[in-house]
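Next comes run.csv, with CSV, C-alpha atoms.
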```csv
chain,number,residue,atom,x,y,z
A,103,MET,CA,-34.3,-33.2,-42.1
A,104,THR,CA,-35.8,-30.1,-43.8
A,105,ALA,CA,-33.8,-27.5,-45.6
A,106,THR,CA,-34.8,-24.9,-43.0
A,107,LEU,CA,-33.5,-27.1,-40.1
A,108,ARG,CA,-30.3,-27.7,-41.9
A,109,VAL,CA,-29.7,-24.0,-42.4
A,110,ASN,CA,-30.4,-23.4,-38.7
A,111,LEU,CA,-28.0,-26.1,-37.6
A,112,VAL,CA,-25.3,-24.8,-39.8
A,113,ALA,CA,-25.9,-21.2,-38.6
A,114,ILE,CA,-25.7,-22.4,-34.9
A,115,ALA,CA,-22.5,-24.3,-35.6
A,116,VAL,CA,-20.9,-21.2,-37.3
A,117,LEU,CA,-22.0,-19.0,-34.4
A,118,LEU,CA,-20.5,-21.4,-31.9
A,119,ILE,CA,-17.2,-21.6,-33.8
A,120,SER,CA,-17.2,-17.9,-34.1
A,121,MET,CA,-17.8,-17.4,-30.4
A,122,ALA,CA,-15.0,-19.9,-29.6
A,123,GLY,CA,-12.7,-18.1,-31.9
A,124,GLY,CA,-13.6,-14.8,-30.4
A,125,VAL,CA,-12.8,-16.0,-26.9
A,126,VAL,CA,-9.4,-17.3,-28.1
A,127,THR,CA,-8.7,-14.1,-30.0
A,128,LEU,CA,-9.7,-11.9,-27.0
A,129,ASP,CA,-7.6,-13.9,-24.7
A,130,ALA,CA,-4.6,-13.5,-27.1
A,131,ILE,CA,-5.3,-9.8,-27.4
A,132,ASP,CA,-5.5,-9.5,-23.6
A,133,HIS,CA,-2.3,-11.4,-23.2
A,134,THR,CA,-0.6,-9.2,-25.8
A,135,ARG,CA,-2.1,-6.1,-24.2
A,136,ARG,CA,-0.7,-7.0,-20.8
A,137,GLN,CA,2.7,-7.6,-22.4
A,138,SER,CA,2.6,-4.3,-24.3
A,139,LEU,CA,1.1,-2.1,-21.5
A,140,ALA,CA,4.1,0.1,-21.7
A,141,GLN,CA,3.5,0.7,-25.4
A,142,GLU,CA,-0.2,1.3,-25.1
A,143,ALA,CA,-0.2,3.3,-21.8
A,144,LEU,CA,0.5,6.7,-23.4
A,145,TYR,CA,-1.3,6.5,-26.7
A,146,VAL,CA,-2.3,10.1,-26.0
A,147,ARG,CA,0.7,12.0,-24.4
A,148,SER,CA,-0.6,15.5,-24.6
A,149,SER,CA,-2.6,16.7,-21.6
A,150,LYS,CA,-3.9,19.6,-23.7
A,151,ALA,CA,-5.3,17.2,-26.3
A,152,LEU,CA,-6.8,15.1,-23.5
A,153,ARG,CA,-8.5,18.1,-22.0
A,154,ARG,CA,-10.2,18.8,-25.3
A,155,MET,CA,-11.2,15.2,-25.7
A,156,SER,CA,-12.4,14.8,-22.1
A,157,LEU,CA,-15.5,17.1,-22.6
A,158,GLY,CA,-14.9,18.4,-19.1
A,159,TYR,CA,-14.1,15.1,-17.4
A,160,THR,CA,-10.5,15.8,-16.8
A,161,GLY,CA,-10.6,14.5,-13.2
A,162,LEU,CA,-11.8,11.1,-14.5
A,163,LEU,CA,-9.1,11.0,-17.1
A,164,ALA,CA,-6.5,11.9,-14.4
A,165,ASP,CA,-7.7,9.0,-12.3
A,166,ILE,CA,-7.4,6.7,-15.4
A,167,TYR,CA,-3.9,7.8,-16.1
A,168,TRP,CA,-2.9,7.5,-12.4
A,169,THR,CA,-4.2,4.0,-12.4
A,170,ARG,CA,-2.2,3.3,-15.6
A,171,ALA,CA,0.9,4.7,-13.9
A,172,VAL,CA,0.4,2.4,-10.8
A,173,GLN,CA,-0.2,-0.6,-13.1
A,174,TYR,CA,2.8,0.2,-15.2
A,175,PHE,CA,5.1,0.6,-12.2
A,176,GLY,CA,3.8,-2.6,-10.6
A,177,GLU,CA,4.3,-4.7,-13.7
A,178,GLN,CA,7.8,-3.4,-14.3
A,179,HIS,CA,8.8,-3.8,-10.6
A,180,HIS,CA,7.3,-7.3,-10.5
A,181,ALA,CA,9.4,-8.2,-13.6
A,182,ASN,CA,12.5,-6.8,-12.0
A,183,SER,CA,12.8,-4.5,-15.0
A,184,ARG,CA,15.2,-1.6,-15.2
A,185,ASP,CA,13.1,0.1,-17.9
A,186,PHE,CA,10.7,2.6,-16.4
A,187,ARG,CA,10.8,5.1,-19.3
A,188,LEU,CA,7.1,5.8,-19.4
A,189,LEU,CA,6.6,6.3,-15.7
A,190,ALA,CA,7.6,10.0,-15.6
A,191,PRO,CA,5.4,10.9,-18.7
A,192,LEU,CA,2.5,9.1,-17.2
A,193,LEU,CA,2.8,11.0,-13.9
A,194,GLU,CA,3.2,14.3,-15.8
A,195,VAL,CA,0.0,13.7,-17.8
A,196,THR,CA,-1.8,12.7,-14.6
A,197,THR,CA,-0.9,15.8,-12.6
A,198,GLU,CA,-1.4,18.2,-15.5
A,199,LEU,CA,-4.9,16.8,-15.9
A,200,ASP,CA,-5.6,17.1,-12.1
A,201,PRO,CA,-3.0,19.2,-10.2
A,202,ARG,CA,-4.8,18.4,-7.0
A,203,LEU,CA,-4.4,14.7,-7.1
A,204,LEU,CA,-2.1,14.4,-4.1
A,205,PRO,CA,-1.4,10.6,-4.2
A,206,ALA,CA,0.1,11.0,-7.6
A,207,TYR,CA,2.8,13.3,-6.1
A,208,GLN,CA,3.4,11.4,-2.9
A,209,PHE,CA,3.5,7.9,-4.3
A,210,GLY,CA,4.7,9.0,-7.7
A,211,ALA,CA,7.9,10.4,-6.2
A,212,ASN,CA,8.4,7.2,-4.3
A,213,PHE,CA,8.1,5.3,-7.6
A,214,LEU,CA,10.5,7.6,-9.5
A,215,ALA,CA,13.4,8.2,-7.1
A,216,PRO,CA,14.8,4.8,-5.9
A,217,GLN,CA,17.2,2.9,-8.2
A,218,PRO,CA,15.9,0.0,-10.3
A,219,PRO,CA,14.3,-2.4,-9.7
A,220,SER,CA,12.9,-0.7,-6.6
A,221,GLY,CA,12.1,2.4,-8.7
A,222,ALA,CA,12.8,4.2,-11.8
A,223,GLY,CA,16.1,5.7,-10.7
A,224,LEU,CA,15.0,9.2,-11.6
A,225,PRO,CA,15.4,11.4,-8.6
A,226,GLY,CA,15.5,14.5,-10.7
A,227,ALA,CA,12.1,13.7,-12.2
A,228,ALA,CA,10.8,12.9,-8.7
A,229,LEU,CA,12.0,16.3,-7.5
A,230,ALA,CA,10.4,18.1,-10.5
A,231,LEU,CA,7.1,16.3,-9.7
A,232,MET,CA,7.2,17.5,-6.1
A,233,LYS,CA,7.9,21.1,-7.1
A,234,TYR,CA,5.0,21.0,-9.5
A,235,GLY,CA,2.8,19.6,-6.8
A,236,ILE,CA,3.8,22.3,-4.3
A,237,GLU,CA,3.3,25.0,-7.0
A,238,HIS,CA,-0.3,23.9,-7.3
A,239,ASN,CA,-0.9,22.8,-3.7
A,240,PRO,CA,1.1,25.2,-1.5
A,241,ASP,CA,-1.0,24.4,1.5
A,242,GLN,CA,-0.2,20.7,1.7
A,243,TRP,CA,2.6,20.0,4.3
A,244,GLN,CA,2.9,16.4,3.0
A,245,LEU,CA,4.4,17.6,-0.2
A,246,TYR,CA,7.1,19.7,1.6
A,247,TYR,CA,7.8,16.7,3.7
A,248,ASN,CA,8.3,14.5,0.7
A,249,MET,CA,10.5,17.1,-1.1
A,250,GLY,CA,12.6,17.4,2.1
A,251,PHE,CA,13.1,13.7,2.2
A,252,LEU,CA,14.1,13.6,-1.4
A,253,TYR,CA,16.7,16.2,-0.8
A,254,TYR,CA,18.0,14.2,2.2
A,255,THR,CA,17.9,10.7,0.8
A,256,GLU,CA,18.7,11.1,-2.9
A,257,PHE,CA,20.7,14.3,-3.1
A,258,LYS,CA,22.3,14.6,0.3
A,259,ASP,CA,21.5,18.3,0.2
A,260,TYR,CA,20.8,18.8,3.9
A,261,ALA,CA,20.4,22.6,3.6
A,262,LYS,CA,17.6,22.3,1.0
A,263,ALA,CA,16.0,19.5,3.0
A,264,ALA,CA,16.0,21.7,6.1
A,265,ASP,CA,14.4,24.5,4.0
A,266,ALA,CA,11.7,22.2,2.6
A,267,PHE,CA,10.8,20.9,6.1
A,268,ALA,CA,10.8,24.5,7.5
A,269,GLN,CA,8.5,25.7,4.8
A,270,GLY,CA,6.1,22.9,5.6
A,271,ALA,CA,6.3,23.6,9.3
A,272,ARG,CA,5.1,27.2,8.7
A,273,LEU,CA,1.8,26.1,7.2
A,274,PRO,CA,-1.4,26.6,9.2
A,275,VAL,CA,-2.1,22.9,9.1
A,276,THR,CA,1.1,20.8,9.5
A,277,ASN,CA,2.7,17.9,11.4
A,278,PRO,CA,4.3,18.7,14.7
A,279,PHE,CA,7.4,16.9,13.7
A,280,MET,CA,8.1,19.1,10.7
A,281,PRO,CA,10.1,21.8,12.7
A,282,ILE,CA,12.0,19.0,14.4
A,283,LEU,CA,13.0,17.5,11.0
A,284,ALA,CA,13.9,21.0,9.8
A,285,ALA,CA,16.2,21.5,12.8
A,286,GLN,CA,17.8,18.0,12.3
A,287,MET,CA,18.6,18.8,8.7
A,288,ALA,CA,20.0,22.3,9.5
A,289,GLN,CA,22.2,20.7,12.2
A,290,HIS,CA,23.3,18.0,9.7
A,291,ALA,CA,24.2,20.7,7.2
A,292,GLY,CA,26.3,22.6,9.7
A,293,GLU,CA,23.9,25.6,9.7
A,294,PHE,CA,24.3,26.0,13.5
A,295,ASP,CA,22.5,29.4,13.9
A,296,THR,CA,19.5,28.1,11.9
A,297,ALA,CA,19.4,24.8,13.8
A,298,ARG,CA,19.7,26.6,17.2
A,299,MET,CA,16.9,28.9,16.3
A,300,LEU,CA,14.7,26.0,15.2
A,301,TRP,CA,15.3,23.9,18.3
A,302,SER,CA,14.8,26.9,20.5
A,303,THR,CA,11.5,27.7,18.8
A,304,THR,CA,10.5,24.1,19.2
A,305,TYR,CA,11.2,24.2,22.9
A,306,GLN,CA,9.3,27.5,23.4
A,307,SER,CA,6.3,26.6,21.3
A,308,THR,CA,5.2,23.4,23.1
A,309,GLN,CA,4.2,22.3,26.6
A,310,ASP,CA,4.8,18.6,25.8
A,311,ALA,CA,7.5,17.4,28.2
A,312,LEU,CA,8.9,14.8,25.8
A,313,VAL,CA,9.2,17.3,22.9
A,314,ARG,CA,10.8,19.9,25.2
A,315,GLN,CA,13.4,17.3,26.4
A,316,ASN,CA,14.0,16.3,22.9
A,317,ALA,CA,14.7,19.9,22.0
A,318,ILE,CA,17.1,20.3,24.9
A,319,GLU,CA,19.1,17.3,23.9
A,320,HIS,CA,19.4,18.5,20.3
A,321,LEU,CA,20.6,21.9,21.6
A,322,LEU,CA,23.3,20.1,23.6
A,323,ALA,CA,24.2,18.0,20.5
A,324,LEU,CA,24.3,21.2,18.4
A,325,ARG,CA,26.8,22.7,20.8
A,326,VAL,CA,29.0,19.6,20.5
A,327,ASP,CA,28.8,19.7,16.7
A,328,GLU,CA,29.7,23.4,16.6
A,329,ASP,CA,32.6,22.9,19.1
A,330,VAL,CA,34.0,20.0,17.2
A,331,THR,CA,33.8,21.9,13.9
A,332,GLN,CA,35.6,24.9,15.3
A,333,LEU,CA,38.3,22.8,17.1
A,334,GLU,CA,39.1,20.9,13.9
A,335,GLN,CA,39.4,24.2,12.1
A,336,VAL,CA,41.8,25.3,14.8
A,337,VAL,CA,43.8,22.1,14.4
A,338,GLU,CA,44.0,22.8,10.6
A,339,GLU,CA,45.2,26.4,11.3
A,340,TYR,CA,47.9,25.0,13.6
A,341,ARG,CA,49.1,22.6,10.9
A,342,GLU,CA,49.3,25.4,8.4
A,343,GLN,CA,51.3,27.5,10.8
A,344,THR,CA,53.7,24.8,12.0
A,345,GLY,CA,53.7,22.2,9.3
A,346,ARG,CA,52.6,19.5,11.7
A,347,LEU,CA,49.6,18.4,13.7
A,348,PRO,CA,49.3,19.3,17.3
A,349,ALA,CA,50.2,16.5,19.8
A,350,SER,CA,47.8,17.8,22.4
A,351,MET,CA,45.3,20.5,23.3
A,352,GLY,CA,48.2,22.2,25.1
A,353,ASP,CA,50.0,22.8,21.8
A,354,LEU,CA,46.9,24.7,20.6
A,355,GLU,CA,46.8,26.7,23.8
A,356,ARG,CA,50.5,27.6,23.7
A,357,ALA,CA,50.0,28.7,20.1
A,358,GLY,CA,47.3,31.1,21.3
A,359,LEU,CA,44.6,29.4,19.3
A,360,ILE,CA,42.5,28.3,22.3
A,361,HIS,CA,42.2,29.2,25.9
A,362,GLY,CA,41.9,26.5,28.5
A,363,THR,CA,40.8,23.0,27.8
A,364,PRO,CA,37.6,22.7,25.7
A,365,ALA,CA,35.0,20.4,27.1
A,366,ASP,CA,31.6,19.1,26.0
A,367,PRO,CA,28.3,20.1,27.7
A,368,LYS,CA,28.8,17.3,30.3
A,369,GLY,CA,32.1,18.8,31.3
A,370,ARG,CA,34.4,16.1,29.7
A,371,PRO,CA,37.3,17.4,27.7
A,372,TYR,CA,37.3,16.8,24.0
A,373,ARG,CA,39.9,14.4,22.7
A,374,LEU,CA,42.5,15.4,20.1
A,375,MET,CA,43.2,12.3,18.0
A,376,PRO,CA,46.6,11.6,16.3
A,377,ASP,CA,45.1,12.3,12.9
A,378,GLY,CA,43.8,15.7,14.0
A,379,ARG,CA,40.2,14.7,14.5
A,380,ILE,CA,38.3,15.8,17.6
A,381,GLU,CA,36.2,13.2,19.4
A,382,VAL,CA,33.9,13.3,22.4
A,383,GLN,CA,34.9,11.1,25.3
A,384,ASP,CA,31.5,9.3,25.6
A,385,SER,CA,29.5,9.5,22.4
A,386,GLN,CA,26.6,7.5,24.0
A,387,SER,CA,26.0,10.1,26.7
A,388,ILE,CA,25.0,13.0,24.4
A,389,PHE,CA,22.3,12.0,22.0
A,390,PHE,CA,21.9,13.3,18.4
A,391,ILE,CA,25.5,14.4,17.8
A,392,THR,CA,26.7,14.2,14.3
A,393,LYS,CA,30.3,15.4,14.9
A,394,GLY,CA,33.1,14.0,17.1
A,395,LEU,CA,31.9,10.4,16.7
A,396,PRO,CA,34.4,7.5,16.7
A,397,PRO,CA,35.0,5.9,13.3
A,398,GLY,CA,32.3,3.5,12.3
A,399,VAL,CA,29.6,5.2,14.5
A,400,ALA,CA,26.9,6.6,12.2
A,401,PRO,CA,25.0,9.8,13.1
A,402,PRO,CA,21.3,9.4,13.8
A,403,GLN,CA,18.8,9.1,10.9
A,404,PRO,CA,15.5,11.0,10.8
A,405,VAL,CA,12.5,8.9,11.2
A,406,ARG,CA,9.9,8.9,8.4
A,407,ILE,CA,6.4,10.0,9.6
A,408,ASP,CA,3.0,9.1,8.3
A,409,THR,CA,1.9,11.6,5.7
A,410,SER,CA,-1.4,10.0,4.8
A,411,HIS,CA,-3.5,12.1,7.2
```

Starting from the coordinates I provided, produce the structure as structure tokens.
Amino acid sequence: MTATLRVNLVAIAVLLISMAGGVVTLDAIDHTRRQSLAQEALYVRSSKALRRMSLGYTGLLADIYWTRAVQYFGEQHHANSRDFRLLAPLLEVTTELDPRLLPAYQFGANFLAPQPPSGAGLPGAALALMKYGIEHNPDQWQLYYNMGFLYYTEFKDYAKAADAFAQGARLPVTNPFMPILAAQMAQHAGEFDTARMLWSTTYQSTQDALVRQNAIEHLLALRVDEDVTQLEQVVEEYREQTGRLPASMGDLERAGLIHGTPADPKGRPYRLMPDGRIEVQDSQSIFFITKGLPPGVAPPQPVRIDTSH
């Protein structure tokens, strides 16, 4: 074997060993990288610095950071982790780089709001994200819809939910169910005048028979909710005056607090319960009521609509 051949064989062997070692090293690095995605995901946290570094390709960087946010959430969720500390910063950087990246708001809020391990348990951060999105995309009804649902599901603030849905309903391009959701929330919050106006507007602004019937039924339910609220206030007033609860509607009438026997829109008298609550006689005959229900009967829940179009 010549010296040249020996040198070549040694060189090939070294090269093969190096390649094998490289493969093992890369696999180890990749494994470590997957494990430490959270630590690496935000190696640059400043959107201003990223803008300077992007050389004008901020949209591309936004897509990259949005992909990182989705990957980060997916890995933490899959691991049943309760640590989502980097999710909100990732979404902030993403939307600051591209304020028009709508999926980052819509899906990002759904990642942030639910409690772990379904989400990050950060409804406040989700709400801040939606407000930022609306500030930069005031013409997108989907963002008002998502903000309304956040107020409803996470904060139980029905008045603000109604306002968010109503704002989205006034946009030139919107979903026909937005005013219906606004009216439902206003009714749920006890804002009877607002709810009545919204349902009346819904009835008057459409020729769809089903939508009009739906509006009529909600107006009837609204009357029940208002009646029950007022009657329970009268019962409380009677208790304050006499030191006891009324035994019947007759007690309220004799005290001059009501006139006649109050009845629901179907003509059935309301029931005065021993604990002072007011109930409707047949809660199944009047749809959408939220007041006057028997114990254990839940009010109707709004149905989520498809915001992807």

> Using only C-alpha atoms, which of A:Glu319, A:Glu342, A:Asp327, A:Asp265 sits nearest Phe294 (chain A)?
Replying inline: A:Asp327

> Using only C-alpha atoms, which residue out of A:Gly270, A:Pro278, A:Pro348, A:Gly394 lies closest to Arg325 (chain A)?
Replying inline: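 For Arg325 (chain A), the nearest of the candidates is A:Gly394.
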
> Within 10 Å of (40.7, 14.6, 17.9), all atoms listed in the file: residues as a ChimeraX atom specification?
Replying inline: /A:330,333-334,337,348-351,372-382,394-396

> At what distance in Å, to one decimal, does CA of Gly250 (chain A) lie from CA of Asp329 (chain A)?
Replying inline: 26.8 Å

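CA of Gln208 (chain A) is found 19.9 Å from CA of Pro281 (chain A).
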
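Coordinates place CA of Gln343 (chain A) at a distance of 20.5 Å from CA of Thr363 (chain A).
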
> Nearest to Leu203 (chain A): which of A:Met287, A:Leu162, A:Ile318, A:Ala263 is it, counting all atoms listed in the file?
Replying inline: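 Under the stated criterion, the closest residue is A:Leu162.
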
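The residue set within 8 Å of Leu283 (chain A), counting only C-alpha atoms and dropping same-chain residues fewer than 4 places from it, reads Ala264, Phe267, Phe279, Met287 and Pro404 of chain A.
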
> Within 9 Å of (13.5, 3.8, -10.7), in the coordinates the file gives, what residues turn up when you count only C-alpha atoms, written out as a list in words?
Replying inline: His179, Arg184, Asp185, Phe186, Leu189, Asn212, Phe213, Leu214, Ala215, Pro216, Gln217, Pro218, Pro219, Ser220, Gly221, Ala222, Gly223, Leu224 and Pro225 of chain A

Save the residues we just selected, C-alpha atoms, as a CSV table (one decimal), keeping the file's coordinate frame?
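Now in result.csv:
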```
chain,number,residue,atom,x,y,z
A,179,HIS,CA,8.8,-3.8,-10.6
A,184,ARG,CA,15.2,-1.6,-15.2
A,185,ASP,CA,13.1,0.1,-17.9
A,186,PHE,CA,10.7,2.6,-16.4
A,189,LEU,CA,6.6,6.3,-15.7
A,212,ASN,CA,8.4,7.2,-4.3
A,213,PHE,CA,8.1,5.3,-7.6
A,214,LEU,CA,10.5,7.6,-9.5
A,215,ALA,CA,13.4,8.2,-7.1
A,216,PRO,CA,14.8,4.8,-5.9
A,217,GLN,CA,17.2,2.9,-8.2
A,218,PRO,CA,15.9,0.0,-10.3
A,219,PRO,CA,14.3,-2.4,-9.7
A,220,SER,CA,12.9,-0.7,-6.6
A,221,GLY,CA,12.1,2.4,-8.7
A,222,ALA,CA,12.8,4.2,-11.8
A,223,GLY,CA,16.1,5.7,-10.7
A,224,LEU,CA,15.0,9.2,-11.6
A,225,PRO,CA,15.4,11.4,-8.6
```

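Proximity of A:Thr197, A:Ser385, A:Asn316, A:Gln335 to Leu354 (chain A), computed with only C-alpha atoms, is greatest for A:Gln335.
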
> Smallest atom-to-atom distance to Pro371 (chain A): which of A:Leu347, A:Val172, A:Ala357, A:Val326, using all atoms listed in the file?
Replying inline: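 Residue with the minimum atom-to-atom distance to Pro371 (chain A): A:Val326.
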
> What lies within 9 Å of Leu359 (chain A) using only C-alpha atoms, ignoring chain neighbours under 6 positions off, as a ChimeraX atom specification?
Replying inline: /A:336-337,339-340,353

> For Gln244 (chain A), which residue among A:Ala261, A:Glu293, A:Leu231, A:Ala271 is the nearest when counting all atoms listed in the file?
Replying inline: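 Of the candidates, the smallest distance to Gln244 (chain A) is held by A:Ala271.
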
> Near Trp243 (chain A), counting only C-alpha atoms, which residues have an atom at most 7 Å away, once you skip same-chain residues fewer than 3 positions from it, shown as a list of chain:residue names?
Replying inline: A:Tyr246, A:Tyr247, A:Gly270, A:Leu273, A:Thr276

Take the residues that were just selected and, keeping C-alpha atoms, output them as a short mmCIF file (atom, residue, chain, number, x, y, z; two decimals), in the coordinates of the input.
```cif
data_model
loop_
_atom_site.label_atom_id
_atom_site.label_comp_id
_atom_site.auth_asym_id
_atom_site.auth_seq_id
_atom_site.Cartn_x
_atom_site.Cartn_y
_atom_site.Cartn_z
CA TYR A 246 7.10 19.70 1.60
CA TYR A 247 7.80 16.70 3.70
CA GLY A 270 6.10 22.90 5.60
CA LEU A 273 1.80 26.10 7.20
CA THR A 276 1.10 20.80 9.50
#
```
